[in-house]
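First the structure, in the form of structure tokens, and then the observations on it.
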Amino acid sequence: QLKLVESGGDLVQPGGSLRLSCAAAGSTLDHYVIGWFRQAPGKEREGVSCITYLNSFTHYEDSVKGRFTISRDNAKNTVYLEMTGLKPDDTAVYYCAAAGGSRALLCDLADESDYDDWGQGTQVTVSV
């Protein structure tokens with residue numbers, strides 16, 4: 001079981017940028033699909049973006065397309081979520097999660113149960 005650790009959450013003004021990081025404590029993210037999810041106060045958790053291991057295929061939900069960029073640095077054993085043009089609606093706890101899929105060429109966020117291991121989350125607040 002992976003122990004995932006998110007970092008980088010902060011308070012930022014609308015239009016600002018943040019970079020979130022997801023690392024595996026004492027293990028490696030190699031061979032895993034990594035997804036980012038978020039949960040806003042009073043709302044259900046929703047998918048944001050995911051990236052495969054084999055070919056770094058990326059997928060984004062419409063709400064963040066064009067503003068967020070997911071990437072992975074396998075040498076640093078870290079997956080990043082670069083967020084720009086932040087809006088108050090982006091305020092949420094952001095979670096990274098891992099799904100087994102060393103040979104996966106695609107990823108999606110339709111079914112959270114595909115993701116077996118989850119981090120504790122990092123808070124992103126977008127406000128003046």
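Each chain of the structure tokens is named A, B, ... in the order shown, its residues numbered from 1; ligands are numbered from 1 in display order.
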Show me, as an NGL selection string, the residues that have an atom within 9 Å of A:Thr91 when counting only C-alpha atoms, minus same-chain residues fewer than 5 positions from it. :A and (38-41 or 86 or 123-127)
How about saving the chosen residues, N, CA, C and O atoms kept, as a CSV table (one decimal), in the first residue's frame?
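Contents of the output file part.csv:
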chain,number,residue,atom,x,y,z
A,38,ARG,N,-10.6,16.6,-5.8
A,38,ARG,CA,-10.8,17.7,-4.9
A,38,ARG,C,-12.2,17.6,-4.2
A,38,ARG,O,-13.1,17.1,-4.9
A,39,GLN,N,-12.2,18.2,-3.0
A,39,GLN,CA,-13.5,18.2,-2.4
A,39,GLN,C,-13.7,19.6,-1.7
A,39,GLN,O,-12.9,20.0,-0.9
A,40,ALA,N,-14.7,20.3,-2.2
A,40,ALA,CA,-15.1,21.6,-1.7
A,40,ALA,C,-16.0,21.4,-0.5
A,40,ALA,O,-16.7,20.4,-0.4
A,41,PRO,N,-16.1,22.4,0.4
A,41,PRO,CA,-17.0,22.3,1.5
A,41,PRO,C,-18.4,22.1,1.1
A,41,PRO,O,-18.9,22.8,0.2
A,86,LEU,N,-6.5,30.7,-11.0
A,86,LEU,CA,-7.3,30.1,-10.0
A,86,LEU,C,-8.5,31.0,-9.7
A,86,LEU,O,-8.5,32.2,-9.7
A,123,GLN,N,-5.0,21.8,1.5
A,123,GLN,CA,-6.0,22.8,1.3
A,123,GLN,C,-5.6,23.9,0.4
A,123,GLN,O,-4.5,24.4,0.5
A,124,VAL,N,-6.4,24.1,-0.6
A,124,VAL,CA,-6.2,25.3,-1.5
A,124,VAL,C,-7.4,26.2,-1.3
A,124,VAL,O,-8.6,25.8,-1.4
A,125,THR,N,-7.1,27.4,-1.0
A,125,THR,CA,-8.1,28.5,-0.8
A,125,THR,C,-7.9,29.6,-1.7
A,125,THR,O,-6.8,30.2,-1.7
A,126,VAL,N,-8.9,30.0,-2.5
A,126,VAL,CA,-8.8,31.1,-3.5
A,126,VAL,C,-9.7,32.1,-3.0
A,126,VAL,O,-10.9,32.0,-3.1
A,127,SER,N,-9.1,33.2,-2.5
A,127,SER,CA,-10.0,34.3,-2.0
A,127,SER,C,-9.2,35.6,-2.0
A,127,SER,O,-7.9,35.6,-1.9
Among chain A, which ones does DSSP place in strand (DSSP E or B), written as a ChimeraX atom specification? /A:4-7,11-12,18-24,32-39,46-51,58-60,68-73,78-83,92-100,117-118,122-126
Option closest in space to A:Leu18, from A:Leu54, A:Met83, A:Leu4, A:Cys96 [counting only C-alpha atoms]: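 Counting only C-alpha atoms, the residue closest to A:Leu18 is A:Met83.
The smallest atom-to-atom distance between A:Ser49 and any of A:Ser27, A:Thr122, A:Ser71, A:Ser21, using only C-alpha atoms, is found for A:Ser71.
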If you count only C-alpha atoms, which residues fall within 10 Å of A:Thr78, apart from same-chain ones fewer than 4 positions away, as a list in words? Leu4, Val5, Glu6, Ser21, Cys22, Ala23, Ala24, Thr28, Leu29, Asp30, Ile34, Ser71, Arg72, Asp73 and Asn74 of chain A
Saved selection, atoms kept: N, CA, C and O atoms, as a compact mmCIF listing (two decimals), in the first residue's frame:
# COMPACT_ATOMS: atom_id res chain seq x y z
N LEU A 4 0.76 8.18 0.28
CA LEU A 4 0.89 9.36 -0.55
C LEU A 4 0.84 10.62 0.30
O LEU A 4 0.07 10.70 1.26
N VAL A 5 1.67 11.58 -0.06
CA VAL A 5 1.75 12.83 0.69
C VAL A 5 1.62 13.99 -0.28
O VAL A 5 2.44 14.13 -1.20
N GLU A 6 0.59 14.82 -0.08
CA GLU A 6 0.40 16.00 -0.90
C GLU A 6 1.01 17.21 -0.19
O GLU A 6 1.06 17.27 1.05
N SER A 21 2.16 19.13 -5.12
CA SER A 21 3.03 17.98 -5.32
C SER A 21 2.44 16.76 -4.64
O SER A 21 1.79 16.87 -3.60
N CYS A 22 2.69 15.62 -5.23
CA CYS A 22 2.25 14.34 -4.66
C CYS A 22 3.45 13.40 -4.69
O CYS A 22 4.00 13.13 -5.75
N ALA A 23 3.86 12.93 -3.52
CA ALA A 23 5.00 12.03 -3.42
C ALA A 23 4.59 10.78 -2.63
O ALA A 23 3.61 10.81 -1.88
N ALA A 24 5.35 9.72 -2.82
CA ALA A 24 5.10 8.48 -2.08
C ALA A 24 6.18 8.34 -1.02
O ALA A 24 7.36 8.27 -1.34
N THR A 28 7.68 4.14 -4.30
CA THR A 28 7.81 4.75 -5.61
C THR A 28 6.45 4.87 -6.28
O THR A 28 5.56 4.05 -6.07
N LEU A 29 6.31 5.91 -7.10
CA LEU A 29 5.09 6.08 -7.88
C LEU A 29 5.17 5.40 -9.24
O LEU A 29 4.22 5.45 -10.02
N ASP A 30 6.30 4.77 -9.51
CA ASP A 30 6.46 4.06 -10.78
C ASP A 30 5.36 3.00 -10.92
O ASP A 30 5.00 2.33 -9.95
N ILE A 34 -1.72 8.13 -11.55
CA ILE A 34 -1.94 9.06 -10.45
C ILE A 34 -3.04 10.03 -10.84
O ILE A 34 -3.04 10.60 -11.93
N SER A 71 1.74 16.73 -14.35
CA SER A 71 2.99 16.19 -14.89
C SER A 71 3.60 15.27 -13.85
O SER A 71 3.21 15.28 -12.68
N ARG A 72 4.55 14.46 -14.30
CA ARG A 72 5.23 13.59 -13.35
C ARG A 72 6.72 13.60 -13.64
O ARG A 72 7.12 13.63 -14.81
N ASP A 73 7.50 13.60 -12.58
CA ASP A 73 8.95 13.50 -12.69
C ASP A 73 9.32 12.19 -12.02
O ASP A 73 9.42 12.11 -10.79
N ASN A 74 9.51 11.17 -12.82
CA ASN A 74 9.76 9.85 -12.27
C ASN A 74 11.10 9.79 -11.53
O ASN A 74 11.26 9.02 -10.58
List every residue of stretch 47-123 of chain A that DSSP, applied to the backbone, labels as helix (DSSP H, G or I), and write the result as a list in words.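 Put together, the selection reads Pro88, Asp89, Asp90, Glu112, Ser113 and Asp114 of chain A.
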Next, the residues of the selection above should be written as a CSV table (one decimal), in the first residue's frame with N, CA, C and O atoms.
chain,number,residue,atom,x,y,z
A,88,PRO,N,-12.3,31.3,-7.2
A,88,PRO,CA,-12.8,30.9,-5.9
A,88,PRO,C,-13.5,29.5,-5.9
A,88,PRO,O,-13.4,28.8,-4.9
A,89,ASP,N,-14.0,29.1,-7.0
A,89,ASP,CA,-14.6,27.8,-7.1
A,89,ASP,C,-13.6,26.7,-7.1
A,89,ASP,O,-14.0,25.5,-6.9
A,90,ASP,N,-12.3,27.0,-7.2
A,90,ASP,CA,-11.3,26.0,-7.1
A,90,ASP,C,-10.9,25.7,-5.6
A,90,ASP,O,-10.1,24.8,-5.3
A,112,GLU,N,-13.9,6.5,-8.8
A,112,GLU,CA,-12.9,6.6,-7.7
A,112,GLU,C,-12.4,5.3,-7.2
A,112,GLU,O,-11.3,5.2,-6.7
A,113,SER,N,-13.3,4.3,-7.3
A,113,SER,CA,-12.9,3.0,-6.7
A,113,SER,C,-11.7,2.4,-7.5
A,113,SER,O,-11.1,1.4,-7.0
A,114,ASP,N,-11.4,2.9,-8.7
A,114,ASP,CA,-10.2,2.5,-9.4
A,114,ASP,C,-8.9,2.9,-8.7
A,114,ASP,O,-7.9,2.3,-8.9
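Shortest separation to A:Ala25 among A:Thr84, A:Gln1, A:Ser63, A:Gln13 occurs at residue A:Gln1, atoms counted being only C-alpha atoms.
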Please compute the atom CA of A:Val48-atom CA of A:Tyr94 distance, one decimal, in Å.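 These atoms are spaced 9.0 Å apart.
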Using only C-alpha atoms, the shortest atom-to-atom distance to A:Asn77 among A:Leu105, A:Tyr53, A:Arg19, A:Asp117 belongs to A:Tyr53
Nearest residue to A:Leu109 from the set A:Leu20, A:Val79, A:Val93, A:Cys50 (distances using only C-alpha atoms):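 Among A:Leu20, A:Val79, A:Val93, A:Cys50, it is A:Cys50 that comes nearest to A:Leu109.
Using only C-alpha atoms, the smallest distance between any of A:Gly35, A:Gly26, A:Gly42, A:Gly47 and A:Lys3 comes from A:Gly26.
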Go ahead and compute the interatomic distance for atom CA of A:Val64 and atom CA of A:Ser17, in Å to one decimal. 12.8 Å
Computed interatomic separation between atom CA of A:Thr52 and atom CA of A:Glu82 (Å):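 Taking atom CA of A:Thr52 as the start and atom CA of A:Glu82 as the end point, the length is 16.5 Å.
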